[in-house]
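For reference, final-v3.csv is printed below; it contains CSV, C-alpha atoms.
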chain,number,residue,atom,x,y,z
A,1,MET,CA,-26.8,3.6,-45.2
A,2,LEU,CA,-29.1,6.3,-44.0
A,3,ARG,CA,-28.7,5.1,-40.4
A,4,ILE,CA,-24.9,5.3,-40.7
A,5,LEU,CA,-25.1,8.8,-42.0
A,6,LYS,CA,-27.4,9.9,-39.2
A,7,LEU,CA,-25.1,8.4,-36.6
A,8,ALA,CA,-22.1,10.0,-38.2
A,9,ALA,CA,-23.9,13.4,-38.2
A,10,ALA,CA,-24.9,13.0,-34.6
A,11,ALA,CA,-21.3,12.1,-33.6
A,12,LEU,CA,-20.0,15.1,-35.4
A,13,THR,CA,-22.6,17.3,-33.6
A,14,VAL,CA,-21.3,16.1,-30.3
A,15,PHE,CA,-17.6,16.3,-31.3
A,16,ALA,CA,-17.8,19.7,-33.0
A,17,GLY,CA,-20.2,21.4,-30.6
A,18,SER,CA,-22.8,23.3,-32.5
A,19,ALA,CA,-21.0,23.2,-35.9
A,20,ILE,CA,-23.7,20.8,-37.2
A,21,PRO,CA,-27.4,21.3,-36.3
A,22,ALA,CA,-29.0,18.5,-34.2
A,23,LEU,CA,-31.1,16.0,-36.0
A,24,ALA,CA,-34.7,17.1,-36.0
A,25,LYS,CA,-37.7,14.9,-36.4
A,26,GLU,CA,-41.2,16.2,-35.6
A,27,CYS,CA,-43.9,13.7,-34.7
A,28,LYS,CA,-47.5,14.1,-34.0
A,29,ASN,CA,-49.0,12.7,-30.7
A,30,ASP,CA,-52.1,11.2,-32.3
A,31,VAL,CA,-52.0,7.8,-33.9
A,32,VAL,CA,-53.4,7.6,-37.4
A,33,VAL,CA,-55.2,4.3,-38.3
A,34,ALA,CA,-56.2,3.4,-41.8
A,35,GLU,CA,-57.6,0.3,-43.4
A,36,GLY,CA,-56.9,-0.7,-46.9
A,37,GLU,CA,-59.2,-2.2,-49.5
A,38,PRO,CA,-60.0,-5.9,-49.5
A,39,PHE,CA,-57.9,-7.9,-52.0
A,40,ILE,CA,-57.4,-11.6,-53.0
A,41,SER,CA,-53.7,-11.2,-52.4
A,42,LYS,CA,-52.2,-10.0,-49.2
A,43,ASN,CA,-48.8,-9.0,-50.6
A,44,LEU,CA,-49.8,-7.6,-54.0
A,45,GLY,CA,-53.1,-6.0,-52.9
A,46,ALA,CA,-54.1,-5.6,-49.3
A,47,TYR,CA,-50.6,-4.7,-47.9
A,48,PRO,CA,-49.9,-1.8,-50.3
A,49,SER,CA,-53.5,-0.7,-50.3
A,50,SER,CA,-53.2,-0.1,-46.5
A,51,LEU,CA,-50.0,2.0,-47.1
A,52,PHE,CA,-51.8,4.2,-49.5
A,53,ALA,CA,-54.8,4.5,-47.2
A,54,TRP,CA,-52.5,5.4,-44.2
A,55,ARG,CA,-50.6,8.0,-46.2
A,56,LYS,CA,-53.8,9.7,-47.3
A,57,ALA,CA,-55.2,9.7,-43.7
A,58,ALA,CA,-51.9,11.0,-42.3
A,59,GLY,CA,-51.8,13.8,-44.9
A,60,ASP,CA,-55.4,14.7,-44.2
A,61,LYS,CA,-54.9,14.7,-40.4
A,62,ALA,CA,-51.4,16.0,-39.9
A,63,GLY,CA,-50.5,17.7,-43.2
A,64,PRO,CA,-48.7,16.8,-46.4
A,65,GLY,CA,-45.2,16.7,-44.8
A,66,PHE,CA,-46.3,13.8,-42.5
A,67,LYS,CA,-47.2,11.1,-45.1
A,68,SER,CA,-43.9,9.1,-44.9
A,69,TRP,CA,-44.4,5.6,-43.4
A,70,ARG,CA,-40.7,5.2,-43.2
A,71,VAL,CA,-40.2,7.9,-40.6
A,72,ALA,CA,-43.5,7.3,-38.7
A,73,GLU,CA,-43.2,6.0,-35.2
A,74,ASP,CA,-45.0,3.2,-33.3
A,75,ARG,CA,-45.7,1.5,-36.7
A,76,LYS,CA,-48.0,-1.5,-36.7
A,77,ILE,CA,-49.5,-3.5,-39.5
A,78,ASP,CA,-52.3,-6.1,-39.0
A,79,CYS,CA,-53.5,-8.2,-41.9
A,80,GLU,CA,-56.4,-10.6,-41.7
A,81,GLN,CA,-58.4,-12.7,-44.0
A,82,VAL,CA,-62.1,-11.9,-44.1
A,83,ASN,CA,-65.2,-13.3,-45.8
A,84,LEU,CA,-66.9,-10.8,-48.1
A,85,GLU,CA,-70.0,-12.1,-49.9
A,86,GLY,CA,-68.8,-15.6,-49.6
A,87,LYS,CA,-65.3,-14.8,-50.9
A,88,LYS,CA,-62.1,-14.8,-48.8
A,89,ARG,CA,-60.2,-11.5,-49.0
A,90,TRP,CA,-57.2,-10.0,-47.2
A,91,VAL,CA,-57.6,-6.6,-45.4
A,92,CYS,CA,-54.6,-4.8,-43.8
A,93,THR,CA,-54.8,-2.0,-41.2
A,94,ARG,CA,-51.9,0.3,-40.4
A,95,SER,CA,-51.4,2.5,-37.4
A,96,ALA,CA,-48.6,4.9,-36.6
A,97,ARG,CA,-47.8,8.3,-35.3
A,98,PRO,CA,-47.0,10.5,-38.4
A,99,CYS,CA,-43.6,12.2,-38.4
A,100,GLN,CA,-41.7,14.5,-40.7
A,101,GLY,CA,-38.0,15.2,-41.2
A,102,ILE,CA,-35.1,12.9,-41.0
A,103,GLY,CA,-32.6,15.4,-39.6
A,104,GLY,CA,-31.5,17.0,-42.9
A,105,VAL,CA,-29.6,13.9,-44.1
A,106,GLU,CA,-31.0,12.8,-47.4
A,107,GLU,CA,-30.7,9.4,-48.8
A,108,LYS,CA,-29.3,9.3,-52.4
A,109,LYS,CA,-31.8,8.0,-54.9
A,110,PHE,CA,-30.8,5.2,-57.3
A,111,GLU,CA,-30.4,6.4,-60.9
A,112,PHE,CA,-32.2,4.0,-63.2
A,113,THR,CA,-30.7,4.0,-66.7
A,114,ARG,CA,-32.9,1.5,-68.5
A,115,THR,CA,-36.5,0.4,-68.7
A,116,LEU,CA,-36.8,-2.7,-66.6
A,117,ARG,CA,-39.0,-5.6,-67.8
A,118,ARG,CA,-39.9,-9.1,-66.7
A,119,GLY,CA,-36.9,-11.3,-67.2
A,120,ASP,CA,-34.3,-8.6,-66.5
A,121,SER,CA,-31.9,-9.0,-63.6
A,122,GLY,CA,-29.2,-7.0,-61.8
A,123,ASP,CA,-28.5,-4.4,-59.2
A,124,ASP,CA,-31.0,-2.0,-60.8
A,125,VAL,CA,-33.7,-4.6,-60.4
A,126,LYS,CA,-32.7,-5.0,-56.7
A,127,ALA,CA,-32.9,-1.3,-56.3
A,128,LEU,CA,-36.4,-1.4,-57.8
A,129,GLN,CA,-37.5,-4.2,-55.5
A,130,GLU,CA,-36.1,-2.2,-52.4
A,131,LEU,CA,-38.0,0.9,-53.7
A,132,LEU,CA,-41.2,-1.1,-54.0
A,133,ASN,CA,-40.7,-2.6,-50.5
A,134,GLY,CA,-40.1,1.0,-49.2
A,135,ILE,CA,-43.5,2.1,-50.4
A,136,GLY,CA,-45.4,-0.8,-49.0
A,137,TYR,CA,-45.0,-3.9,-51.2
A,138,GLU,CA,-43.5,-7.1,-49.8
A,139,LEU,CA,-41.1,-8.5,-52.4
A,140,THR,CA,-38.1,-10.8,-52.1
A,141,VAL,CA,-35.1,-8.6,-53.1
A,142,ASP,CA,-33.3,-11.1,-55.4
A,143,GLY,CA,-32.5,-8.9,-58.4
A,144,ASN,CA,-34.8,-10.9,-60.7
A,145,TYR,CA,-37.7,-9.1,-62.4
A,146,GLY,CA,-40.2,-11.9,-62.1
A,147,ARG,CA,-44.0,-12.1,-61.9
A,148,GLY,CA,-44.2,-10.6,-58.4
A,149,THR,CA,-42.1,-7.6,-59.3
A,150,LYS,CA,-44.1,-7.0,-62.5
A,151,GLU,CA,-47.4,-7.3,-60.6
A,152,ALA,CA,-46.3,-4.8,-58.0
A,153,VAL,CA,-45.1,-2.3,-60.6
A,154,ARG,CA,-48.4,-2.8,-62.5
A,155,ASP,CA,-50.4,-2.2,-59.3
A,156,PHE,CA,-48.4,1.0,-58.5
A,157,GLN,CA,-49.0,2.2,-62.1
A,158,LYS,CA,-52.7,1.6,-61.8
A,159,ARG,CA,-52.9,3.4,-58.5
A,160,ASN,CA,-51.0,6.4,-59.9
A,161,GLY,CA,-52.8,6.9,-63.3
A,162,LEU,CA,-49.9,5.6,-65.3
A,163,SER,CA,-49.9,3.1,-68.2
A,164,ALA,CA,-50.2,-0.2,-66.3
A,165,ASP,CA,-47.9,-2.4,-68.5
A,166,GLY,CA,-45.8,-3.6,-65.6
A,167,ASN,CA,-42.6,-2.3,-67.1
A,168,PHE,CA,-40.5,0.1,-65.0
A,169,GLY,CA,-39.6,3.1,-67.2
A,170,PRO,CA,-38.8,6.8,-66.7
A,171,ASN,CA,-42.4,7.9,-65.8
A,172,THR,CA,-42.9,5.1,-63.3
A,173,ALA,CA,-39.4,5.7,-61.8
A,174,GLU,CA,-40.1,9.4,-61.3
A,175,LYS,CA,-43.5,8.9,-59.7
A,176,MET,CA,-42.3,6.0,-57.5
A,177,GLN,CA,-39.2,7.8,-56.3
A,178,ALA,CA,-41.4,10.8,-55.4
A,179,GLU,CA,-43.5,8.5,-53.2
A,180,ALA,CA,-40.5,7.0,-51.4

Could I get this file's structure written as structure tokens?
Amino acid sequence: MLRILKLAAAALTVFAGSAIPALAKECKNDVVVAEGEPFISKNLGAYPSSLFAWRKAAGDKAGPGFKSWRVAEDRKIDCEQVNLEGKKRWVCTRSARPCQGIGGVEEKKFEFTRTLRRGDSGDDVKALQELLNGIGYELTVDGNYGRGTKEAVRDFQKRNGLSADGNFGPNTAEKMQAEA
């Protein structure tokens, strides 16, 4: 949807001359590389951990406006299984050039109207799963609030100092949408 809006805005810019400002995206030249914490699970631990590590490193190096993985360029993610003290763990490393700005076209945020729990299903669960994927988790977007969705929500809650019950309520929704 965002891509369509960007293309439409660009087309209107060309068609209408300077009536609409050109899409602006500022990117840094230096690549930011960050390694996440080792976890037993690649998808529910190592993968999102690397996102949080990259965002912190990008913010420290380029500034707070440059922490979005979605708009970063030259994005790469490498995950590998390593042995730590005789135990197999997953570690993911992310690298990208931090960018800010998406050309003034803002994506509309989904409005969640109920607390979501394991066993729930529907379009709002799909929106939650897409939101979780957008901030670094790897979930199947099927509209069913199953074990994987609950564990991803719980992990996000723990990382953000929220009550980690795995239910997606107003406090979690507000914090998660601010991260996206």

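Going from CA of Gly63 (chain A) over to CA of Ala173 (chain A), you cover 24.8 Å.
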
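Candidate residues A:Ala57, A:Ala152, A:Cys92, A:Ile40 were compared for distance to Cys79 (chain A), and the nearest is A:Cys92, using only C-alpha atoms.
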
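With all atoms listed in the file as the atoms that count, the minimum distance from Lys150 (chain A) to the choices A:Ala178, A:Trp54, A:Gly101, A:Leu44 is reached by A:Leu44.
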
Could you list, as a PDB file with C-alpha atoms, keeping the file's coordinate frame, every residue within 7 Å of Gly119 (chain A), counting all atoms listed in the file and ignoring same-chain residues fewer than 4 positions away?
ATOM      1  CA  ASN A 144     -34.800 -10.900 -60.700  1.00  0.00           C
ATOM      2  CA  TYR A 145     -37.700  -9.100 -62.400  1.00  0.00           C
ATOM      3  CA  GLY A 146     -40.200 -11.900 -62.100  1.00  0.00           C
TER       4      GLY A 146
END

Which residue, A:Ser163, A:Gln81, A:Thr149, A:Ser68, has the smallest gap to Phe52 (chain A) when you use only C-alpha atoms? A:Ser68

Point-to-point distance from CA of Asp74 (chain A) to CA of Asn160 (chain A), Å rounded to tenths: 27.5 Å

Option closest in space to Leu84 (chain A), from A:Asp120, A:Glu37, A:Glu174, A:Asp30 [counting only C-alpha atoms]: A:Glu37

Can region 62-88 of chain A be brought up to N, CA and C atoms and written out as an mmCIF file, in the frame of the given file?
data_model
loop_
_atom_site.group_PDB
_atom_site.id
_atom_site.type_symbol
_atom_site.label_atom_id
_atom_site.label_comp_id
_atom_site.auth_asym_id
_atom_site.auth_seq_id
_atom_site.Cartn_x
_atom_site.Cartn_y
_atom_site.Cartn_z
ATOM 1 N N ALA A 62 -52.554 15.272 -40.435
ATOM 2 C CA ALA A 62 -51.400 16.000 -39.900
ATOM 3 C C ALA A 62 -50.753 16.949 -40.931
ATOM 4 N N GLY A 63 -51.080 16.822 -42.201
ATOM 5 C CA GLY A 63 -50.500 17.700 -43.200
ATOM 6 C C GLY A 63 -49.654 16.909 -44.189
ATOM 7 N N PRO A 64 -49.385 17.485 -45.368
ATOM 8 C CA PRO A 64 -48.700 16.800 -46.400
ATOM 9 C C PRO A 64 -47.250 16.347 -46.057
ATOM 10 N N GLY A 65 -46.601 17.022 -45.151
ATOM 11 C CA GLY A 65 -45.200 16.700 -44.800
ATOM 12 C C GLY A 65 -45.151 15.463 -43.848
ATOM 13 N N PHE A 66 -46.290 14.913 -43.472
ATOM 14 C CA PHE A 66 -46.300 13.800 -42.500
ATOM 15 C C PHE A 66 -46.807 12.506 -43.102
ATOM 16 N N LYS A 67 -46.628 12.310 -44.400
ATOM 17 C CA LYS A 67 -47.200 11.100 -45.100
ATOM 18 C C LYS A 67 -46.160 9.981 -45.207
ATOM 19 N N SER A 68 -44.955 10.117 -44.675
ATOM 20 C CA SER A 68 -43.900 9.100 -44.900
ATOM 21 C C SER A 68 -44.086 7.966 -43.826
ATOM 22 N N TRP A 69 -44.352 6.759 -44.303
ATOM 23 C CA TRP A 69 -44.400 5.600 -43.400
ATOM 24 C C TRP A 69 -43.079 5.270 -42.841
ATOM 25 N N ARG A 70 -42.021 5.490 -43.623
ATOM 26 C CA ARG A 70 -40.700 5.200 -43.200
ATOM 27 C C ARG A 70 -40.248 5.896 -41.915
ATOM 28 N N VAL A 71 -40.639 7.154 -41.781
ATOM 29 C CA VAL A 71 -40.200 7.900 -40.600
ATOM 30 C C VAL A 71 -41.256 7.975 -39.514
ATOM 31 N N ALA A 72 -42.428 7.369 -39.747
ATOM 32 C CA ALA A 72 -43.500 7.300 -38.700
ATOM 33 C C ALA A 72 -42.991 6.505 -37.532
ATOM 34 N N GLU A 73 -43.558 6.784 -36.372
ATOM 35 C CA GLU A 73 -43.200 6.000 -35.200
ATOM 36 C C GLU A 73 -44.337 5.188 -34.675
ATOM 37 N N ASP A 74 -43.997 4.163 -33.899
ATOM 38 C CA ASP A 74 -45.000 3.200 -33.300
ATOM 39 C C ASP A 74 -45.784 2.545 -34.462
ATOM 40 N N ARG A 75 -45.080 2.143 -35.512
ATOM 41 C CA ARG A 75 -45.700 1.500 -36.700
ATOM 42 C C ARG A 75 -46.224 0.137 -36.377
ATOM 43 N N LYS A 76 -47.448 -0.137 -36.820
ATOM 44 C CA LYS A 76 -48.000 -1.500 -36.700
ATOM 45 C C LYS A 76 -48.844 -1.780 -37.935
ATOM 46 N N ILE A 77 -48.742 -3.036 -38.376
ATOM 47 C CA ILE A 77 -49.500 -3.500 -39.500
ATOM 48 C C ILE A 77 -50.206 -4.802 -39.114
ATOM 49 N N ASP A 78 -51.504 -4.863 -39.310
ATOM 50 C CA ASP A 78 -52.300 -6.100 -39.000
ATOM 51 C C ASP A 78 -53.053 -6.475 -40.214
ATOM 52 N N CYS A 79 -52.795 -7.670 -40.706
ATOM 53 C CA CYS A 79 -53.500 -8.200 -41.900
ATOM 54 C C CYS A 79 -54.326 -9.407 -41.469
ATOM 55 N N GLU A 80 -55.550 -9.468 -41.976
ATOM 56 C CA GLU A 80 -56.400 -10.600 -41.700
ATOM 57 C C GLU A 80 -57.217 -11.002 -42.887
ATOM 58 N N GLN A 81 -57.566 -12.252 -42.939
ATOM 59 C CA GLN A 81 -58.400 -12.700 -44.000
ATOM 60 C C GLN A 81 -59.861 -12.656 -43.543
ATOM 61 N N VAL A 82 -60.720 -12.078 -44.392
ATOM 62 C CA VAL A 82 -62.100 -11.900 -44.100
ATOM 63 C C VAL A 82 -62.991 -12.514 -45.155
ATOM 64 N N ASN A 83 -64.241 -12.776 -44.823
ATOM 65 C CA ASN A 83 -65.200 -13.300 -45.800
ATOM 66 C C ASN A 83 -66.077 -12.096 -46.252
ATOM 67 N N LEU A 84 -66.071 -11.834 -47.548
ATOM 68 C CA LEU A 84 -66.900 -10.800 -48.100
ATOM 69 C C LEU A 84 -67.770 -11.439 -49.210
ATOM 70 N N GLU A 85 -69.059 -11.473 -48.977
ATOM 71 C CA GLU A 85 -70.000 -12.100 -49.900
ATOM 72 C C GLU A 85 -69.580 -13.465 -50.337
ATOM 73 N N GLY A 86 -69.138 -14.253 -49.341
ATOM 74 C CA GLY A 86 -68.800 -15.600 -49.600
ATOM 75 C C GLY A 86 -67.373 -15.827 -50.187
ATOM 76 N N LYS A 87 -66.612 -14.744 -50.338
ATOM 77 C CA LYS A 87 -65.300 -14.800 -50.900
ATOM 78 C C LYS A 87 -64.247 -14.416 -49.862
ATOM 79 N N LYS A 88 -63.126 -15.144 -49.793
ATOM 80 C CA LYS A 88 -62.100 -14.800 -48.800
ATOM 81 C C LYS A 88 -61.212 -13.688 -49.435
#
